[in-house]
Amino acid sequence: MNSAIAPLTMQRLSAESALALADNEVTALKLDSSESALASLMSRAAAMRDQADDGLITYSRKIFIPLTQLCRNVCHYCTFAQPPRTLDQPFMSPEQVLEIARQGAAAGCNEALFTLGDKPELRYRAAREALVELGYESTAEYLIAMARLVFEETGLLPHLNPGVMDEAELLACREVSVSQGMMLESVSERLCEKGEAHYGSPDKKPAVRLRTLRLAGELNIPYTSGILIGIGETRRERIESLLALRDIQDQYGHIQEIIIQNFCAKPGTLMADKPDAPFKELLWTIAVARLIFGPDMPVQTPPNLNEGILEKLIAAGISDWGGVSPITPDFVNPEKPWPSLEKLAQQSAEAGKVLVERLPIYPVHAFKLGKWIDPALHKTLLQGMDSDGLARRDQWNPGSDIQPPNNTRCEGWQAEAPKESADVRDIIERALAGERLDEPDITRLFRARGNDFQAICDAADTLRSELNGDTVTYAVNRNINYTNICTYTCKFCAFSKGKTTENLRGKPYVLDVKEVVERSEEAWRKGATEVCLQGGIHPDYTGDTYHEICAAIHEALPDMHIHAFSPLEISQGAETLGLSLEQYLTRMKEAGLNSLPGTAAEILDDEVRDIICPDKLKTDEWLEVIETAHKVGIRTTSTIMFGHVDRPEHWARHLLRLRDLQARSGGITEFVPLPFVPMEAPIYRRGKSRRGPTFRESVLMHAVSRLALYPHITNIQASWVKLGEAGVTACLQAGANDMGGTLMNESISRAAGASHGQEMTPERMAAVIESLGRNAKQRTTFYGDPQQRAGFININNSTDCQERV
């Protein structure tokens, strides 16, 4: 095939094909005119970008800290660099740095971008003297100190742009920043000759800059780079520059984004009379960059340099707007003000993209913090990111009293989101037809934002209405956690007490069988139809312990439904008695066990389990217990505990494993999403996890599970303990049809820091349900109608479920 671009494969260009575009793109593309060539390039670049962007375009909310405007280089287009005589001071003082940083933190910024000239002490005595007065030997040393100061005092994440550096300097900067950057600008040696843009600028020599880029890769430093167009380079030189960056990226994988920045002439510079980079050349270069780097590499163009034509930049293939500051100007281009974030969101939406905030480290690197980021920065990064590795904007977290955001669909913008994506609509339609979605399908749904989010919630709610009607069910039950002593070391658990968790809230305890029975009897007198029994894996407990507890309750209360013991207790119980799972479960059923809670599932993917619960059941072992229970006639629930170190692809695998199990056995009564409550969880307190799912993610878990599990699991429960009333209300409008149990003595979530109480009365449940125009109905564990008992008013058209006096 002679064309430089294969239109259907959408793979990145080879070096030969890319260079062919520079020579004659019309011939390379087999087109008739340069105008149609540009349109074709842009169309193909945008289509390639759309393979990976999920309908999003990103930006970073940041402040700019111009630490010094002194520079040893004399780039002919630059007004940022100034001689000492024109400046009030050679360097910003620590107090000035902190003042800007605190303003940024107050405005909700995540990033502190330090911009500065290259090693001014090598050229200016004023710089050397100022550094001595400040107590530092070099600009790099002062930069590192100020980055550390900003991080420690404000929590803003430093991104450093100090220019050319050696290995020691790069390593020192790595300790105090989440990313660094330097524009390659061009690999053209010609531009360093007399009369050209980089003449007299030793740090702009291509070999010098490429060496720094390679060093950053060798040192595992997330790095930003790109090219400057319109400074006298040819199209071929641009492509050669992009290919040089790609070669380095292919070797090290550390380049986070490719910036295509257009030259804008500035008064007072040697290039003041040069024309600005032509807009068509900018579009051409963006499209070529996208085709060279492929769908996954973020390609960025600053929005303030191209006000009024942003939709065309998106059409050319960009996926990121770079840093936008609500506080500070663009000190490199001060004549070009930032667009407001609302305006940026609106123009992005008009081009079909939802504007979302990212961190100064991109997701591909954020998901591998151990490789790319100094450990001292991990905790702040994890607390600031969501499951996609993007910036977390809402302050809500599960179990807290903080109210959830109102504008989840539009990411907080007033701008109307673009219409739902064609791929999301296709996935929804296949789910509604009962088709088994695959992992990429479900992952895509979990990453939905804007009107894609709303379409998923609406489809899930419609399906809920068809399957469950307008009735929302709940059970009157009691949780009995018979011991919090546990030999396991689950890193998310704040309930259990063992050698590594004695410092967490609460004291170790054990309830004897007599007290467990008494609590069950009390629950029965109060109208409960179910007791739910779970606890830690006590070192002295055997399978006989669980059998004794179950038999004692059943003897005292033969009509009480015993919903007890997770797959972990069942596995441990069988093992201690030397019985097979089937033998032990049969024995437990004979003792009165009616159903198993499908807890201890956490995330059914061993990649995650190896981190959060390495000594617990593996995925296949958990599934085996559940399927064996179904085999002997014991039904179960199913759960997911999400929002810690997991990601959407893990959630997709979890749902598919449950769906496939249910298709085989049919014994699962419901699916219960359990958002991770972080406050007292050991893994969160140690800075090793996110702070639970965002509200968007929590709502989506209910909506996506409704679609992905259909038609096999038809009851989706919303946990009021984790979500609170406002969260439950949102989930009941996004696919959920059940509010779980009244609980009476819930303690596991409380131990983790949840503040939504230990009991929700039937009256309060009914009020929440009826506020949505739905009908509240008490149910049994198996979603039947509870039998009327003498002495109780317990009728489904009444909310009174109190013991009669």
# chains A, B, ... in the order shown; residues from 1 in each chain; ligands from 1

call {"tool": "select_by_dssp", "arguments": {"residues": "region 674-800 of chain A", "states": "helix (DSSP H, G or I)", "output": "short mmCIF file (atom, residue, chain, number, x, y, z; two decimals) with all heavy atoms, in the first residue's frame"}}
result
data_model
loop_
_atom_site.label_atom_id
_atom_site.label_comp_id
_atom_site.auth_asym_id
_atom_site.auth_seq_id
_atom_site.Cartn_x
_atom_site.Cartn_y
_atom_site.Cartn_z
N PRO A 682 -6.70 0.56 58.02
CA PRO A 682 -5.22 0.61 58.11
C PRO A 682 -4.55 0.99 56.79
O PRO A 682 -3.60 1.78 56.79
CB PRO A 682 -4.86 -0.82 58.54
CG PRO A 682 -6.06 -1.32 59.26
CD PRO A 682 -7.23 -0.71 58.57
N ILE A 683 -5.02 0.47 55.68
CA ILE A 683 -4.35 0.74 54.41
C ILE A 683 -4.45 2.21 54.04
O ILE A 683 -3.53 2.79 53.45
CB ILE A 683 -4.94 -0.16 53.28
CG1 ILE A 683 -4.05 -0.10 52.03
CG2 ILE A 683 -6.37 0.22 52.95
CD1 ILE A 683 -4.43 -1.12 50.97
N TYR A 684 -5.54 2.86 54.43
CA TYR A 684 -5.69 4.29 54.17
C TYR A 684 -4.86 5.11 55.16
O TYR A 684 -4.19 6.08 54.77
CB TYR A 684 -7.16 4.68 54.27
CG TYR A 684 -7.41 6.16 54.11
CD1 TYR A 684 -7.34 6.75 52.86
CD2 TYR A 684 -7.70 6.96 55.21
CE1 TYR A 684 -7.56 8.11 52.70
CE2 TYR A 684 -7.92 8.32 55.06
CZ TYR A 684 -7.86 8.89 53.80
OH TYR A 684 -8.06 10.24 53.65
N ARG A 685 -4.89 4.75 56.41
CA ARG A 685 -4.13 5.49 57.41
C ARG A 685 -2.63 5.44 57.11
O ARG A 685 -1.89 6.35 57.48
CB ARG A 685 -4.41 4.91 58.80
CG ARG A 685 -5.80 5.27 59.32
CD ARG A 685 -6.21 4.37 60.48
NE ARG A 685 -5.34 4.49 61.62
CZ ARG A 685 -5.56 5.27 62.68
NH1 ARG A 685 -6.65 6.02 62.73
NH2 ARG A 685 -4.72 5.30 63.70
N PHE A 695 -18.36 9.81 44.51
CA PHE A 695 -19.80 9.61 44.45
C PHE A 695 -20.22 9.11 43.07
O PHE A 695 -21.08 8.23 42.96
CB PHE A 695 -20.52 10.91 44.80
CG PHE A 695 -21.99 10.73 45.01
CD1 PHE A 695 -22.45 9.98 46.08
CD2 PHE A 695 -22.91 11.30 44.14
CE1 PHE A 695 -23.82 9.79 46.27
CE2 PHE A 695 -24.27 11.12 44.34
CZ PHE A 695 -24.73 10.37 45.40
N ARG A 696 -19.62 9.66 42.03
CA ARG A 696 -19.93 9.19 40.67
C ARG A 696 -19.67 7.69 40.55
O ARG A 696 -20.49 6.93 40.01
CB ARG A 696 -19.09 9.95 39.64
CG ARG A 696 -19.27 9.49 38.19
CD ARG A 696 -18.27 10.17 37.27
NE ARG A 696 -16.91 9.75 37.57
CZ ARG A 696 -16.32 8.66 37.07
NH1 ARG A 696 -16.98 7.86 36.25
NH2 ARG A 696 -15.09 8.36 37.40
N GLU A 697 -18.53 7.25 41.06
CA GLU A 697 -18.18 5.83 40.98
C GLU A 697 -19.15 4.96 41.79
O GLU A 697 -19.50 3.85 41.37
CB GLU A 697 -16.75 5.63 41.48
CG GLU A 697 -15.70 6.24 40.57
CD GLU A 697 -14.35 6.41 41.23
OE1 GLU A 697 -14.23 6.18 42.45
OE2 GLU A 697 -13.39 6.80 40.52
N SER A 698 -19.58 5.49 42.94
CA SER A 698 -20.50 4.72 43.79
C SER A 698 -21.85 4.55 43.09
O SER A 698 -22.43 3.44 43.11
CB SER A 698 -20.68 5.43 45.13
OG SER A 698 -19.47 5.49 45.83
N VAL A 699 -22.36 5.61 42.50
CA VAL A 699 -23.62 5.50 41.78
C VAL A 699 -23.47 4.58 40.57
O VAL A 699 -24.33 3.71 40.30
CB VAL A 699 -24.12 6.90 41.35
CG1 VAL A 699 -25.36 6.79 40.47
CG2 VAL A 699 -24.42 7.74 42.58
N LEU A 700 -22.37 4.74 39.84
CA LEU A 700 -22.15 3.89 38.67
C LEU A 700 -22.06 2.41 39.02
O LEU A 700 -22.50 1.56 38.24
CB LEU A 700 -20.87 4.31 37.94
CG LEU A 700 -21.00 5.42 36.90
CD1 LEU A 700 -19.64 5.78 36.34
CD2 LEU A 700 -21.94 5.01 35.76
N MET A 701 -21.51 2.09 40.18
CA MET A 701 -21.40 0.68 40.55
C MET A 701 -22.79 0.03 40.60
O MET A 701 -22.98 -1.10 40.16
CB MET A 701 -20.69 0.53 41.89
CG MET A 701 -20.54 -0.92 42.35
SD MET A 701 -19.59 -1.97 41.19
CE MET A 701 -17.93 -1.34 41.47
N HIS A 702 -23.76 0.77 41.13
CA HIS A 702 -25.12 0.23 41.18
C HIS A 702 -25.74 0.16 39.79
O HIS A 702 -26.39 -0.84 39.44
CB HIS A 702 -25.98 1.10 42.10
CG HIS A 702 -25.55 1.05 43.54
ND1 HIS A 702 -24.44 1.72 44.00
CD2 HIS A 702 -26.07 0.40 44.60
CE1 HIS A 702 -24.31 1.49 45.30
NE2 HIS A 702 -25.27 0.70 45.69
N ALA A 703 -25.52 1.20 38.98
CA ALA A 703 -26.12 1.23 37.65
C ALA A 703 -25.49 0.20 36.72
O ALA A 703 -26.20 -0.55 36.01
CB ALA A 703 -25.97 2.64 37.06
N VAL A 704 -24.17 0.15 36.71
CA VAL A 704 -23.48 -0.79 35.81
C VAL A 704 -23.75 -2.23 36.22
O VAL A 704 -23.94 -3.11 35.37
CB VAL A 704 -21.97 -0.48 35.77
CG1 VAL A 704 -21.24 -1.54 34.96
CG2 VAL A 704 -21.72 0.90 35.18
N SER A 705 -23.78 -2.51 37.51
CA SER A 705 -24.06 -3.87 37.94
C SER A 705 -25.46 -4.30 37.53
O SER A 705 -25.68 -5.46 37.15
CB SER A 705 -23.87 -4.01 39.46
OG SER A 705 -24.78 -3.20 40.17
N ARG A 706 -26.41 -3.37 37.60
CA ARG A 706 -27.77 -3.71 37.14
C ARG A 706 -27.74 -4.16 35.68
O ARG A 706 -28.38 -5.16 35.32
CB ARG A 706 -28.68 -2.49 37.31
CG ARG A 706 -30.02 -2.57 36.61
CD ARG A 706 -30.91 -3.67 37.17
NE ARG A 706 -31.43 -3.33 38.49
CZ ARG A 706 -32.18 -4.15 39.22
NH1 ARG A 706 -32.47 -5.37 38.75
NH2 ARG A 706 -32.61 -3.80 40.42
N LEU A 707 -26.99 -3.47 34.86
CA LEU A 707 -26.92 -3.81 33.43
C LEU A 707 -26.08 -5.05 33.18
O LEU A 707 -26.47 -5.93 32.40
CB LEU A 707 -26.35 -2.62 32.65
CG LEU A 707 -27.17 -1.33 32.69
CD1 LEU A 707 -26.38 -0.18 32.05
CD2 LEU A 707 -28.51 -1.51 31.98
N ALA A 708 -24.92 -5.13 33.81
CA ALA A 708 -23.98 -6.21 33.51
C ALA A 708 -24.44 -7.56 34.05
O ALA A 708 -24.10 -8.60 33.49
CB ALA A 708 -22.60 -5.85 34.06
N LEU A 709 -25.19 -7.56 35.15
CA LEU A 709 -25.62 -8.82 35.76
C LEU A 709 -26.96 -9.32 35.21
O LEU A 709 -27.36 -10.45 35.49
CB LEU A 709 -25.71 -8.65 37.28
CG LEU A 709 -24.39 -8.34 37.99
CD1 LEU A 709 -24.63 -8.06 39.46
CD2 LEU A 709 -23.38 -9.46 37.80
N TRP A 720 -27.24 1.73 53.02
CA TRP A 720 -27.40 3.02 53.68
C TRP A 720 -26.28 3.30 54.67
O TRP A 720 -25.94 4.46 54.91
CB TRP A 720 -28.76 3.09 54.38
CG TRP A 720 -28.99 2.04 55.45
CD1 TRP A 720 -29.62 0.84 55.28
CD2 TRP A 720 -28.60 2.12 56.82
NE1 TRP A 720 -29.65 0.16 56.47
CE2 TRP A 720 -29.03 0.92 57.43
CE3 TRP A 720 -27.95 3.06 57.60
CZ2 TRP A 720 -28.82 0.64 58.79
CZ3 TRP A 720 -27.73 2.80 58.95
CH2 TRP A 720 -28.17 1.60 59.53
N VAL A 721 -25.67 2.25 55.21
CA VAL A 721 -24.58 2.44 56.16
C VAL A 721 -23.38 3.11 55.48
O VAL A 721 -22.72 3.98 56.05
CB VAL A 721 -24.14 1.09 56.76
CG1 VAL A 721 -22.94 1.27 57.69
CG2 VAL A 721 -25.29 0.44 57.50
N LYS A 722 -23.10 2.72 54.25
CA LYS A 722 -21.96 3.28 53.52
C LYS A 722 -22.31 4.59 52.82
O LYS A 722 -21.50 5.52 52.77
CB LYS A 722 -21.48 2.28 52.46
CG LYS A 722 -21.38 0.84 52.91
CD LYS A 722 -20.19 0.59 53.80
CE LYS A 722 -20.05 -0.91 54.07
NZ LYS A 722 -18.93 -1.21 54.96
N LEU A 723 -23.52 4.65 52.26
CA LEU A 723 -23.88 5.74 51.37
C LEU A 723 -24.60 6.89 52.06
O LEU A 723 -24.58 8.02 51.55
CB LEU A 723 -24.77 5.21 50.24
CG LEU A 723 -24.14 4.22 49.28
CD1 LEU A 723 -25.22 3.52 48.46
CD2 LEU A 723 -23.14 4.91 48.36
N GLY A 724 -25.25 6.64 53.19
CA GLY A 724 -26.10 7.65 53.79
C GLY A 724 -27.39 7.79 53.00
O GLY A 724 -27.56 7.21 51.91
N GLU A 725 -28.32 8.56 53.53
CA GLU A 725 -29.63 8.66 52.88
C GLU A 725 -29.54 9.31 51.50
O GLU A 725 -30.20 8.86 50.55
CB GLU A 725 -30.59 9.45 53.78
CG GLU A 725 -30.99 8.68 55.03
CD GLU A 725 -32.03 9.42 55.84
OE1 GLU A 725 -32.58 10.43 55.34
OE2 GLU A 725 -32.32 8.98 56.97
N ALA A 726 -28.73 10.36 51.37
CA ALA A 726 -28.63 11.02 50.07
C ALA A 726 -28.02 10.09 49.03
O ALA A 726 -28.44 10.08 47.87
CB ALA A 726 -27.79 12.29 50.19
N GLY A 727 -27.03 9.31 49.43
CA GLY A 727 -26.41 8.37 48.51
C GLY A 727 -27.36 7.27 48.10
O GLY A 727 -27.43 6.87 46.92
N VAL A 728 -28.11 6.74 49.07
CA VAL A 728 -29.09 5.70 48.76
C VAL A 728 -30.14 6.23 47.79
O VAL A 728 -30.53 5.55 46.83
CB VAL A 728 -29.75 5.19 50.06
CG1 VAL A 728 -31.01 4.39 49.74
CG2 VAL A 728 -28.76 4.31 50.83
N THR A 729 -30.59 7.46 48.03
CA THR A 729 -31.60 8.05 47.14
C THR A 729 -31.10 8.11 45.70
O THR A 729 -31.84 7.79 44.76
CB THR A 729 -31.95 9.47 47.64
OG1 THR A 729 -32.51 9.38 48.95
CG2 THR A 729 -32.94 10.13 46.71
N ALA A 730 -29.84 8.50 45.52
CA ALA A 730 -29.29 8.56 44.16
C ALA A 730 -29.21 7.17 43.54
O ALA A 730 -29.53 6.99 42.35
CB ALA A 730 -27.90 9.19 44.20
N CYS A 731 -28.80 6.18 44.31
CA CYS A 731 -28.65 4.83 43.77
C CYS A 731 -29.99 4.18 43.47
O CYS A 731 -30.10 3.36 42.55
CB CYS A 731 -27.82 3.98 44.73
SG CYS A 731 -26.10 4.51 44.85
N LEU A 732 -31.03 4.52 44.25
CA LEU A 732 -32.36 4.00 43.96
C LEU A 732 -32.90 4.56 42.65
O LEU A 732 -33.86 4.02 42.08
CB LEU A 732 -33.32 4.33 45.10
CG LEU A 732 -33.11 3.54 46.40
CD1 LEU A 732 -34.03 4.04 47.50
CD2 LEU A 732 -33.30 2.04 46.18
N ILE A 748 -19.18 -3.14 61.80
CA ILE A 748 -17.99 -3.22 60.95
C ILE A 748 -17.75 -1.88 60.25
O ILE A 748 -16.63 -1.36 60.24
CB ILE A 748 -18.12 -4.38 59.94
CG1 ILE A 748 -18.11 -5.72 60.71
CG2 ILE A 748 -17.00 -4.34 58.92
CD1 ILE A 748 -18.32 -6.93 59.84
N SER A 749 -18.80 -1.31 59.65
CA SER A 749 -18.64 -0.01 59.00
C SER A 749 -18.34 1.08 60.02
O SER A 749 -17.56 1.99 59.76
CB SER A 749 -19.90 0.34 58.21
OG SER A 749 -20.10 -0.57 57.15
N ARG A 750 -18.98 0.98 61.19
CA ARG A 750 -18.71 1.97 62.23
C ARG A 750 -17.25 1.94 62.65
O ARG A 750 -16.63 2.97 62.88
CB ARG A 750 -19.61 1.70 63.45
CG ARG A 750 -21.08 1.93 63.20
CD ARG A 750 -21.44 3.38 63.19
NE ARG A 750 -21.33 3.98 64.52
CZ ARG A 750 -21.57 5.25 64.78
NH1 ARG A 750 -21.93 6.06 63.81
NH2 ARG A 750 -21.45 5.72 66.00
N ALA A 751 -16.68 0.74 62.73
CA ALA A 751 -15.28 0.63 63.11
C ALA A 751 -14.38 1.28 62.08
O ALA A 751 -13.31 1.82 62.40
CB ALA A 751 -14.89 -0.85 63.28
N PRO A 762 -37.54 0.86 60.22
CA PRO A 762 -38.43 0.69 59.06
C PRO A 762 -39.16 1.99 58.70
O PRO A 762 -39.37 2.27 57.53
CB PRO A 762 -39.41 -0.39 59.53
CG PRO A 762 -38.63 -1.19 60.52
CD PRO A 762 -37.76 -0.19 61.24
N GLU A 763 -39.52 2.78 59.73
CA GLU A 763 -40.19 4.05 59.44
C GLU A 763 -39.30 4.98 58.64
O GLU A 763 -39.75 5.63 57.68
CB GLU A 763 -40.60 4.74 60.75
CG GLU A 763 -41.68 4.00 61.53
CD GLU A 763 -41.09 2.96 62.48
OE1 GLU A 763 -39.90 2.65 62.38
OE2 GLU A 763 -41.85 2.47 63.32
N ARG A 764 -38.03 5.05 59.02
CA ARG A 764 -37.12 5.95 58.31
C ARG A 764 -36.84 5.42 56.90
O ARG A 764 -36.75 6.19 55.95
CB ARG A 764 -35.81 6.09 59.09
CG ARG A 764 -34.87 7.13 58.54
CD ARG A 764 -35.50 8.50 58.57
NE ARG A 764 -35.01 9.37 57.51
CZ ARG A 764 -35.65 10.41 57.04
NH1 ARG A 764 -36.84 10.73 57.52
NH2 ARG A 764 -35.14 11.15 56.08
N MET A 765 -36.69 4.10 56.78
CA MET A 765 -36.50 3.53 55.44
C MET A 765 -37.67 3.86 54.54
O MET A 765 -37.50 4.27 53.38
CB MET A 765 -36.32 2.01 55.54
CG MET A 765 -34.95 1.56 55.96
SD MET A 765 -34.67 -0.16 55.50
CE MET A 765 -32.95 -0.33 55.95
N ALA A 766 -38.88 3.70 55.08
CA ALA A 766 -40.07 3.98 54.27
C ALA A 766 -40.11 5.44 53.85
O ALA A 766 -40.49 5.77 52.72
CB ALA A 766 -41.32 3.61 55.05
N ALA A 767 -39.70 6.35 54.74
CA ALA A 767 -39.71 7.77 54.40
C ALA A 767 -38.76 8.07 53.26
O ALA A 767 -39.07 8.85 52.35
CB ALA A 767 -39.35 8.59 55.65
N VAL A 768 -37.57 7.47 53.30
CA VAL A 768 -36.60 7.67 52.22
C VAL A 768 -37.16 7.16 50.91
O VAL A 768 -37.08 7.81 49.86
CB VAL A 768 -35.26 6.98 52.56
CG1 VAL A 768 -34.31 7.01 51.36
CG2 VAL A 768 -34.60 7.63 53.77
N ILE A 769 -37.73 5.97 50.96
CA ILE A 769 -38.27 5.33 49.74
C ILE A 769 -39.43 6.13 49.17
O ILE A 769 -39.51 6.41 47.96
CB ILE A 769 -38.69 3.88 50.06
CG1 ILE A 769 -37.46 3.04 50.40
CG2 ILE A 769 -39.47 3.27 48.90
CD1 ILE A 769 -37.78 1.71 51.08
N GLU A 770 -40.35 6.52 50.05
CA GLU A 770 -41.56 7.20 49.59
C GLU A 770 -41.27 8.62 49.09
O GLU A 770 -42.05 9.18 48.31
CB GLU A 770 -42.59 7.21 50.71
CG GLU A 770 -43.14 5.81 50.97
CD GLU A 770 -43.91 5.70 52.28
OE1 GLU A 770 -44.05 6.74 52.97
OE2 GLU A 770 -44.36 4.59 52.60
#

call {"tool": "residues_around", "arguments": {"residues": "Leu355 (chain A)", "least_positions_apart": "4", "cutoff": "7 Å", "atoms": "only C-alpha atoms", "output": "list in words"}}
result
Leu56, Ile57, Thr58, Ala345 and Ser348 of chain A

call {"tool": "closest_atom_pairs", "arguments": {"of": "region 208-230 of chain A", "to": "region 263-267 of chain A", "cutoff": "10 Å", "atoms": "only C-alpha atoms", "output": "Markdown table"}}
result
| residue | atom | partner | partner_atom | distance |
| --- | --- | --- | --- | --- |
| A:Leu228 | CA | A:Phe263 | CA | 6.5 |
| A:Ile229 | CA | A:Phe263 | CA | 5.9 |
| A:Gly230 | CA | A:Phe263 | CA | 5.3 |

call {"tool": "write_last_selection", "arguments": {"atoms": "N, CA and C atoms", "output": "PDB file, in the first residue's frame"}}
result
ATOM      1  N   LEU A 228       7.994  23.362  19.708  1.00  0.00           N
ATOM      2  CA  LEU A 228       7.522  24.714  19.440  1.00  0.00           C
ATOM      3  C   LEU A 228       7.540  24.913  17.934  1.00  0.00           C
ATOM      4  N   ILE A 229       6.412  25.310  17.371  1.00  0.00           N
ATOM      5  CA  ILE A 229       6.352  25.437  15.916  1.00  0.00           C
ATOM      6  C   ILE A 229       6.234  26.904  15.508  1.00  0.00           C
ATOM      7  N   GLY A 230       6.763  27.191  14.326  1.00  0.00           N
ATOM      8  CA  GLY A 230       6.687  28.546  13.789  1.00  0.00           C
ATOM      9  C   GLY A 230       7.901  29.393  14.093  1.00  0.00           C
TER      10      GLY A 230
END

call {"tool": "residues_around", "arguments": {"residues": "Pro120 (chain A)", "least_positions_apart": "4", "cutoff": "6 Å", "atoms": "only C-alpha atoms", "output": "VMD selection string"}}
result
chain A and resid 70 to 72 124

call {"tool": "write_last_selection", "arguments": {"atoms": "all heavy atoms", "output": "tab-separated table (two decimals), in the first residue's frame"}}
result
chain	number	residue	atom	x	y	z
A	70	LEU	N	15.49	35.06	35.48
A	70	LEU	CA	16.86	35.10	34.96
A	70	LEU	C	17.14	33.80	34.22
A	70	LEU	O	16.72	32.72	34.65
A	70	LEU	CB	17.85	35.28	36.09
A	70	LEU	CG	17.73	36.57	36.93
A	70	LEU	CD1	18.75	36.56	38.06
A	70	LEU	CD2	17.92	37.80	36.05
A	71	CYS	N	17.88	33.92	33.14
A	71	CYS	CA	18.17	32.72	32.35
A	71	CYS	C	19.48	32.93	31.60
A	71	CYS	O	19.77	34.04	31.13
A	71	CYS	CB	17.04	32.47	31.34
A	71	CYS	SG	17.25	30.97	30.34
A	72	ARG	N	20.26	31.88	31.47
A	72	ARG	CA	21.53	32.05	30.75
A	72	ARG	C	21.34	31.98	29.23
A	72	ARG	O	22.26	32.29	28.48
A	72	ARG	CB	22.54	31.01	31.21
A	72	ARG	CG	22.32	29.59	30.73
A	72	ARG	CD	23.61	28.82	30.95
A	72	ARG	NE	23.53	27.42	30.55
A	72	ARG	CZ	24.59	26.67	30.29
A	72	ARG	NH1	25.80	27.21	30.36
A	72	ARG	NH2	24.46	25.41	29.95
A	124	TYR	N	24.91	35.32	35.42
A	124	TYR	CA	24.71	36.59	36.12
A	124	TYR	C	25.29	36.55	37.54
A	124	TYR	O	24.97	35.65	38.33
A	124	TYR	CB	23.22	36.92	36.22
A	124	TYR	CG	22.56	37.18	34.88
A	124	TYR	CD1	21.58	36.31	34.40
A	124	TYR	CD2	22.88	38.30	34.12
A	124	TYR	CE1	20.94	36.55	33.19
A	124	TYR	CE2	22.25	38.55	32.92
A	124	TYR	CZ	21.28	37.67	32.45
A	124	TYR	OH	20.65	37.91	31.26

call {"tool": "residues_around", "arguments": {"residues": "His159 (chain A)", "least_positions_apart": "3", "cutoff": "8 Å", "atoms": "only C-alpha atoms", "output": "list in words"}}
result
Glu111, Ala112, Leu113, Phe114, Ser177, Val178, Ser179, Gln180, Gly181 and Pro360 of chain A

call {"tool": "write_last_selection", "arguments": {"atoms": "C-alpha atoms", "output": "tab-separated table (two decimals), in the first residue's frame"}}
result
chain	number	residue	atom	x	y	z
A	111	GLU	CA	-0.56	21.39	40.92
A	112	ALA	CA	2.20	23.89	41.60
A	113	LEU	CA	4.14	24.42	38.37
A	114	PHE	CA	7.56	25.93	38.95
A	177	SER	CA	7.95	16.50	42.62
A	178	VAL	CA	5.48	14.20	40.91
A	179	SER	CA	6.64	15.21	37.44
A	180	GLN	CA	9.18	17.28	35.61
A	181	GLY	CA	9.32	18.73	32.14
A	360	PRO	CA	0.18	16.60	37.20

call {"tool": "residues_around", "arguments": {"residues": "region 508-511 of chain A", "least_positions_apart": "3", "cutoff": "7 Å", "atoms": "only C-alpha atoms", "output": "list of chain:residue names"}}
result
A:Tyr482, A:Thr483, A:Asn484, A:Ile485, A:Lys497, A:Glu515, A:Val516

call {"tool": "select_by_dssp", "arguments": {"residues": "region 229-345 of chain A", "states": "strand (DSSP E or B)", "output": "MDAnalysis selection string"}}
result
chainID A and resid 229 255:262 299:300 320:324

call {"tool": "residues_around", "arguments": {"residues": "Leu149 (chain A)", "least_positions_apart": "2", "cutoff": "10 Å", "atoms": "only C-alpha atoms", "output": "list in words"}}
result
Pro94, Val97, Leu98, Ala101, Leu143, Ile144, Ala145, Met146, Ala147, Phe151, Glu152, Glu153, Thr154, Gly155, Leu156, Pro158 and Val176 of chain A

call {"tool": "closest_residue", "arguments": {"among": "A:Thr443, A:Asn220, A:Ser188, A:Gln717", "to": "Ile239 (chain A)", "atoms": "only C-alpha atoms"}}
result
A:Ser188
